[in-house]
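Source file: structure.cif (mmCIF, C-alpha atoms)
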```
data_target
#
loop_
_atom_site.group_PDB
_atom_site.id
_atom_site.type_symbol
_atom_site.label_atom_id
_atom_site.label_comp_id
_atom_site.auth_asym_id
_atom_site.auth_seq_id
_atom_site.Cartn_x
_atom_site.Cartn_y
_atom_site.Cartn_z
ATOM 1 C CA MET J 248 106.360 204.063 154.921
ATOM 2 C CA THR J 249 103.151 205.778 155.975
ATOM 3 C CA ASP J 250 102.009 206.931 159.376
ATOM 4 C CA GLY J 251 99.038 205.485 161.168
ATOM 5 C CA ILE J 252 95.950 204.911 159.045
ATOM 6 C CA SER J 253 92.549 205.873 160.417
ATOM 7 C CA LEU J 254 89.830 203.565 159.123
ATOM 8 C CA ALA J 255 87.139 206.182 159.923
ATOM 9 C CA GLU J 256 89.034 208.840 158.010
ATOM 10 C CA LYS J 257 89.460 206.562 155.008
ATOM 11 C CA LEU J 258 85.755 205.683 155.121
ATOM 12 C CA SER J 259 84.861 209.394 155.143
ATOM 13 C CA THR J 260 86.476 209.902 151.728
ATOM 14 C CA PHE J 261 83.837 208.040 149.718
ATOM 15 C CA GLN J 262 80.128 207.248 149.735
ATOM 16 C CA ASP J 263 79.593 204.562 147.112
ATOM 17 C CA HIS J 264 78.684 201.009 148.040
ATOM 18 C CA TRP J 265 80.374 197.681 147.236
ATOM 19 C CA SER J 266 83.530 199.412 146.054
ATOM 20 C CA PRO J 267 86.416 198.522 148.376
ATOM 21 C CA ARG J 268 89.266 200.976 148.903
ATOM 22 C CA THR J 269 92.727 199.647 149.670
ATOM 23 C CA VAL J 270 94.156 201.433 152.717
ATOM 24 C CA ALA J 271 97.267 199.349 153.415
ATOM 25 C CA ALA J 272 99.095 196.244 152.293
ATOM 26 C CA PHE J 273 101.142 193.666 154.146
ATOM 27 C CA ASN J 274 102.653 190.342 153.129
ATOM 28 C CA ASP J 275 100.913 190.481 149.733
ATOM 29 C CA ASN J 276 97.524 191.101 151.325
ATOM 30 C CA ASP J 277 95.393 194.148 150.651
ATOM 31 C CA VAL J 278 93.659 195.743 153.635
ATOM 32 C CA MET J 279 90.463 197.380 152.410
ATOM 33 C CA VAL J 280 87.545 199.341 153.771
ATOM 34 C CA VAL J 281 84.171 199.251 152.084
ATOM 35 C CA LYS J 282 80.657 200.577 152.612
ATOM 36 C CA VAL J 283 77.927 198.136 151.682
ATOM 37 C CA LYS J 284 74.147 198.320 151.568
ATOM 38 C CA GLY J 285 71.652 195.887 150.112
ATOM 39 C CA GLU J 286 72.398 192.461 148.716
ATOM 40 C CA PHE J 287 75.601 191.440 147.001
ATOM 41 C CA THR J 288 75.667 188.573 144.513
ATOM 42 C CA TRP J 289 76.070 184.956 145.534
ATOM 43 C CA HIS J 290 79.701 184.053 144.888
ATOM 44 C CA LYS J 291 82.676 182.088 146.096
ATOM 45 C CA HIS J 292 86.435 182.349 145.947
ATOM 46 C CA ASP J 293 87.933 179.045 144.881
ATOM 47 C CA GLU J 294 91.474 179.857 146.005
ATOM 48 C CA THR J 295 91.154 182.236 148.941
ATOM 49 C CA ASP J 296 89.402 182.538 152.278
ATOM 50 C CA ASP J 297 87.329 185.712 152.631
ATOM 51 C CA PHE J 298 87.926 187.827 155.774
ATOM 52 C CA PHE J 299 85.193 190.193 157.023
ATOM 53 C CA LEU J 300 85.390 192.454 160.086
ATOM 54 C CA VAL J 301 82.393 194.693 160.776
ATOM 55 C CA LEU J 302 83.312 198.238 161.819
ATOM 56 C CA LYS J 303 79.798 199.700 161.855
ATOM 57 C CA GLY J 304 76.311 198.293 161.371
ATOM 58 C CA THR J 305 75.074 194.726 161.101
ATOM 59 C CA LEU J 306 75.992 192.393 158.250
ATOM 60 C CA ASP J 307 74.327 189.135 157.350
ATOM 61 C CA ILE J 308 76.584 186.712 155.536
ATOM 62 C CA GLU J 309 74.204 184.256 153.964
ATOM 63 C CA LEU J 310 75.586 180.795 153.384
ATOM 64 C CA ARG J 311 73.675 178.055 151.579
ATOM 65 C CA ASP J 312 72.779 176.362 154.876
ATOM 66 C CA ARG J 313 72.581 179.266 157.342
ATOM 67 C CA THR J 314 73.216 182.940 157.964
ATOM 68 C CA VAL J 315 76.039 184.410 160.030
ATOM 69 C CA THR J 316 75.131 187.807 161.513
ATOM 70 C CA LEU J 317 77.963 190.142 162.480
ATOM 71 C CA GLY J 318 77.875 193.366 164.484
ATOM 72 C CA PRO J 319 80.666 195.875 165.134
ATOM 73 C CA GLY J 320 83.874 194.212 166.305
ATOM 74 C CA GLU J 321 82.810 190.814 164.988
ATOM 75 C CA LEU J 322 84.604 188.930 162.252
ATOM 76 C CA PHE J 323 84.009 185.923 160.080
ATOM 77 C CA VAL J 324 86.125 184.038 157.589
ATOM 78 C CA VAL J 325 84.280 182.434 154.690
ATOM 79 C CA PRO J 326 86.412 179.444 153.744
ATOM 80 C CA ARG J 327 87.563 179.142 150.158
ATOM 81 C CA GLY J 328 85.063 177.469 147.902
ATOM 82 C CA VAL J 329 82.049 178.263 150.085
ATOM 83 C CA GLU J 330 79.236 180.156 148.398
ATOM 84 C CA HIS J 331 78.113 183.231 150.279
ATOM 85 C CA ARG J 332 76.114 186.398 149.878
ATOM 86 C CA PRO J 333 76.657 189.475 152.070
ATOM 87 C CA VAL J 334 73.439 191.344 152.859
ATOM 88 C CA ALA J 335 73.291 194.724 154.612
ATOM 89 C CA ARG J 336 69.825 195.970 155.519
ATOM 90 C CA GLU J 337 71.298 199.336 156.493
ATOM 91 C CA GLU J 338 74.686 200.709 155.486
ATOM 92 C CA VAL J 339 77.532 198.660 156.935
ATOM 93 C CA HIS J 340 81.226 199.515 157.114
ATOM 94 C CA LEU J 341 83.659 196.637 156.760
ATOM 95 C CA LEU J 342 87.333 195.877 156.934
ATOM 96 C CA LEU J 343 88.305 193.276 154.338
ATOM 97 C CA ILE J 344 91.634 191.534 153.857
ATOM 98 C CA GLU J 345 92.401 189.597 150.715
ATOM 99 C CA PRO J 346 95.485 188.517 148.841
ATOM 100 C CA THR J 347 96.442 191.316 146.468
ATOM 101 C CA GLY J 348 94.547 190.906 143.217
ATOM 102 C CA THR J 349 91.608 188.806 144.431
ATOM 103 C CA PRO J 350 88.435 189.706 142.474
ATOM 104 C CA ASN J 351 85.622 190.646 144.887
ATOM 105 C CA THR J 352 83.017 188.502 143.159
ATOM 106 C CA GLY J 353 85.328 185.542 142.751
ATOM 107 C CA ASP J 354 85.289 186.265 139.017
ATOM 108 C CA LYS J 355 87.531 188.798 137.313
ATOM 109 C CA ALA J 356 84.853 189.481 134.704
ATOM 110 C CA THR J 357 82.380 190.922 137.208
ATOM 111 C CA ALA J 358 84.661 192.192 139.962
ATOM 112 C CA ALA J 359 84.831 195.827 141.026
ATOM 113 C CA PRO J 360 88.202 197.416 140.304
ATOM 114 C CA ARG J 361 90.512 197.994 143.256
ATOM 115 C CA LYS J 362 90.742 201.636 144.282
ATOM 116 C CA LEU J 363 92.958 203.489 146.709
ATOM 117 C CA ALA J 364 91.344 205.555 149.471
ATOM 118 C CA MET C 288 83.457 176.456 160.128
ATOM 119 C CA THR C 289 82.730 178.707 163.090
ATOM 120 C CA ASP C 290 80.126 181.397 163.533
ATOM 121 C CA GLY C 291 80.954 185.052 163.938
ATOM 122 C CA ILE C 292 83.828 185.827 166.275
ATOM 123 C CA SER C 293 83.486 188.694 168.730
ATOM 124 C CA LEU C 294 86.835 190.362 169.389
ATOM 125 C CA ALA C 295 85.535 191.813 172.675
ATOM 126 C CA GLU C 296 84.365 188.410 173.845
ATOM 127 C CA LYS C 297 87.711 186.839 172.986
ATOM 128 C CA LEU C 298 89.535 189.645 174.805
ATOM 129 C CA SER C 299 87.385 189.051 177.887
ATOM 130 C CA THR C 300 88.723 185.515 178.264
ATOM 131 C CA PHE C 301 92.225 186.493 179.405
ATOM 132 C CA GLN C 302 94.061 189.208 181.316
ATOM 133 C CA ASP C 303 97.765 188.651 180.687
ATOM 134 C CA HIS C 304 99.819 191.027 178.571
ATOM 135 C CA TRP C 305 101.943 190.439 175.451
ATOM 136 C CA SER C 306 100.461 186.992 174.926
ATOM 137 C CA PRO C 307 98.483 186.950 171.667
ATOM 138 C CA ARG C 308 95.507 184.646 171.290
ATOM 139 C CA THR C 309 94.648 183.291 167.854
ATOM 140 C CA VAL C 310 90.943 183.828 167.124
ATOM 141 C CA ALA C 311 90.757 182.935 163.435
ATOM 142 C CA ALA C 312 92.903 181.973 160.482
ATOM 143 C CA PHE C 313 92.629 182.728 156.795
ATOM 144 C CA ASN C 314 94.962 182.109 153.865
ATOM 145 C CA ASP C 315 97.748 180.909 156.183
ATOM 146 C CA ASN C 316 97.484 184.030 158.348
ATOM 147 C CA ASP C 317 96.683 183.982 162.045
ATOM 148 C CA VAL C 318 94.268 186.641 163.316
ATOM 149 C CA MET C 319 95.119 187.394 166.929
ATOM 150 C CA VAL C 320 93.965 189.610 169.760
ATOM 151 C CA VAL C 321 96.352 190.720 172.470
ATOM 152 C CA LYS C 322 96.380 192.966 175.530
ATOM 153 C CA VAL C 323 99.580 194.931 175.989
ATOM 154 C CA LYS C 324 100.867 197.284 178.640
ATOM 155 C CA GLY C 325 104.320 198.753 179.093
ATOM 156 C CA GLU C 326 107.265 198.421 176.727
ATOM 157 C CA PHE C 327 107.918 195.468 174.476
ATOM 158 C CA THR C 328 111.439 194.663 173.279
ATOM 159 C CA TRP C 329 113.012 196.259 170.226
ATOM 160 C CA HIS C 330 112.752 193.728 167.426
ATOM 161 C CA LYS C 331 112.192 193.214 163.732
ATOM 162 C CA HIS C 332 110.781 190.550 161.481
ATOM 163 C CA ASP C 333 113.123 189.913 158.568
ATOM 164 C CA GLU C 334 110.585 188.073 156.419
ATOM 165 C CA THR C 335 107.181 189.502 157.320
ATOM 166 C CA ASP C 336 105.409 192.812 157.612
ATOM 167 C CA ASP C 337 103.816 193.400 161.027
ATOM 168 C CA PHE C 338 100.132 194.443 161.053
ATOM 169 C CA PHE C 339 98.709 196.323 164.072
ATOM 170 C CA LEU C 340 95.120 197.537 164.486
ATOM 171 C CA VAL C 341 94.248 199.260 167.761
ATOM 172 C CA LEU C 342 90.886 198.207 169.220
ATOM 173 C CA LYS C 343 91.132 200.075 172.537
ATOM 174 C CA GLY C 344 93.605 202.523 174.036
ATOM 175 C CA THR C 345 96.595 204.296 172.517
ATOM 176 C CA LEU C 346 99.703 202.511 171.252
ATOM 177 C CA ASP C 347 103.040 204.069 170.433
ATOM 178 C CA ILE C 348 105.051 202.128 167.889
ATOM 179 C CA GLU C 349 108.559 203.428 168.302
ATOM 180 C CA LEU C 350 110.729 203.246 165.215
ATOM 181 C CA ARG C 351 114.401 204.176 165.217
ATOM 182 C CA ASP C 352 113.670 207.557 163.611
ATOM 183 C CA ARG C 353 110.197 208.434 164.913
ATOM 184 C CA THR C 354 107.119 207.228 166.771
ATOM 185 C CA VAL C 355 103.776 206.291 165.233
ATOM 186 C CA THR C 356 100.883 206.797 167.661
ATOM 187 C CA LEU C 357 97.688 204.823 167.054
ATOM 188 C CA GLY C 358 94.265 205.196 168.663
ATOM 189 C CA PRO C 359 91.182 202.980 168.305
ATOM 190 C CA GLY C 360 90.377 202.187 164.688
ATOM 191 C CA GLU C 361 93.866 203.094 163.508
ATOM 192 C CA LEU C 362 96.280 200.654 161.923
ATOM 193 C CA PHE C 363 99.916 200.552 160.980
ATOM 194 C CA VAL C 364 102.061 198.083 159.088
ATOM 195 C CA VAL C 365 105.694 197.866 160.157
ATOM 196 C CA PRO C 366 107.544 196.786 157.026
ATOM 197 C CA ARG C 367 109.711 193.698 157.207
ATOM 198 C CA GLY C 368 113.210 194.365 158.444
ATOM 199 C CA VAL C 369 112.288 197.583 160.278
ATOM 200 C CA GLU C 370 113.152 197.669 163.980
ATOM 201 C CA HIS C 371 110.281 198.682 166.201
ATOM 202 C CA ARG C 372 109.159 198.697 169.797
ATOM 203 C CA PRO C 373 105.485 198.833 170.820
ATOM 204 C CA VAL C 374 104.874 200.897 173.958
ATOM 205 C CA ALA C 375 101.526 201.086 175.780
ATOM 206 C CA ARG C 376 101.349 203.582 178.618
ATOM 207 C CA GLU C 377 97.952 202.179 179.625
ATOM 208 C CA GLU C 378 96.494 198.817 178.639
ATOM 209 C CA VAL C 379 95.893 198.583 174.903
ATOM 210 C CA HIS C 380 93.882 195.980 172.983
ATOM 211 C CA LEU C 381 95.169 195.079 169.536
ATOM 212 C CA LEU C 382 94.240 193.000 166.529
ATOM 213 C CA LEU C 383 97.330 191.446 164.965
ATOM 214 C CA ILE C 384 97.612 189.486 161.734
ATOM 215 C CA GLU C 385 100.698 187.482 160.913
ATOM 216 C CA PRO C 386 101.561 184.522 158.741
ATOM 217 C CA THR C 387 100.947 181.373 160.752
ATOM 218 C CA GLY C 388 104.047 180.562 162.781
ATOM 219 C CA THR C 389 105.663 184.014 162.887
ATOM 220 C CA PRO C 390 107.481 184.495 166.231
ATOM 221 C CA ASN C 391 106.252 187.677 167.946
ATOM 222 C CA THR C 392 109.733 188.925 168.767
ATOM 223 C CA GLY C 393 111.132 188.100 165.350
ATOM 224 C CA ASP C 394 113.139 185.347 167.057
ATOM 225 C CA LYS C 395 111.773 181.897 167.853
ATOM 226 C CA ALA C 396 114.010 181.674 170.926
ATOM 227 C CA THR C 397 112.303 184.548 172.719
ATOM 228 C CA ALA C 398 108.822 184.478 171.199
ATOM 229 C CA ALA C 399 105.668 183.903 173.204
ATOM 230 C CA PRO C 400 103.890 180.669 172.278
ATOM 231 C CA ARG C 401 100.737 180.955 170.201
ATOM 232 C CA LYS C 402 97.574 180.308 172.190
ATOM 233 C CA LEU C 403 93.966 179.888 171.223
ATOM 234 C CA ALA C 404 91.374 182.168 172.810
#
```
Hey, can you dump this file as structure tokens for me?
Amino acid sequence: MTDGISLAEKLSTFQDHWSPRTVAAFNDNDVMVVKVKGEFTWHKHDETDDFFLVLKGTLDIELRDRTVTLGPGELFVVPRGVEHRPVAREEVHLLLIEPTGTPNTGDKATAAPRKLA
Amino acid sequence: MTDGISLAEKLSTFQDHWSPRTVAAFNDNDVMVVKVKGEFTWHKHDETDDFFLVLKGTLDIELRDRTVTLGPGELFVVPRGVEHRPVAREEVHLLLIEPTGTPNTGDKATAAPRKLA
């Protein structure tokens, strides 16, 4: 069992973008922090909903029919099967929660490996 | 599908303590916000880990052998089966995530009903 986990402290341990770090796990979910900047690839997760909570900055989640814009303290769940593309015009810090083992692009072939912070 | 969900806006819609409001759901988890103040009851969840993220204030999570103190942006997962008691000396705002249907006291007989914010 660990003590309390500071998201800011975990975020201070790395600088690279689009590479989530797992900071905790519960009920077979991974809790991750990630720094993002620029455009990710269009993708979807056929089996899992995709949870985003913005900690810092402003994130656009582009959907095929509209864009959801999130600031700090705002969250959005992309339902399974829905194509989306996260876009960060400046660096954005996010909390992500996904079932353990979910590839971040929806495709194991192109997904970033899971890392511990 | 909803647009972005502001945790602060959801928290502004109610004042009562220890009564979580569900603000989103993903992968059969409920995402909840709650205001707490004072001492909750000692309890445990036999089947589920208990995720706490502090949004505002300082929360003590008393365990039988020690106390974990969390400030804003800090999280803790109480593992399943571990007795704990949340204590908030001043009002604290929390983000909680639990499998849909989990009673907040670990016991359906004493649990607060789930409400939507």
Which polymer residues have any atom within 6 Å of an atom of stretch 277-291 of chain J, counting all atoms listed in the file, with same-chain residues fewer than 5 positions away left out, as a PyMOL selection string?
-> chain J and resi 264-265+267-272+328-347+352-353
Residue list for chain J near chain C as number ranges by chain, 6 Å, all atoms listed in the file | J: 251-254, 273-274, 296, 320-323
Straight-line distance linking atom CA of C:Leu346 with atom CA of C:His332, stated in Å to one decimal = 19.0 Å
Centre and edge lengths of an axis-aligned box around all listed atoms of stretch 331-341 of chain J, with 8 Å added on each side, are to be given in Å to one decimal, as lines of an AutoDock Vina configuration file.
```
center_x = 76.7
center_y = 192.0
center_z = 153.5
size_x = 29.8
size_y = 33.5
size_z = 23.2
```
Distance atom CA of J:Lys303-atom CA of J:Lys257, one decimal place?
->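 Computing it gives 13.7 Å between the two atoms.
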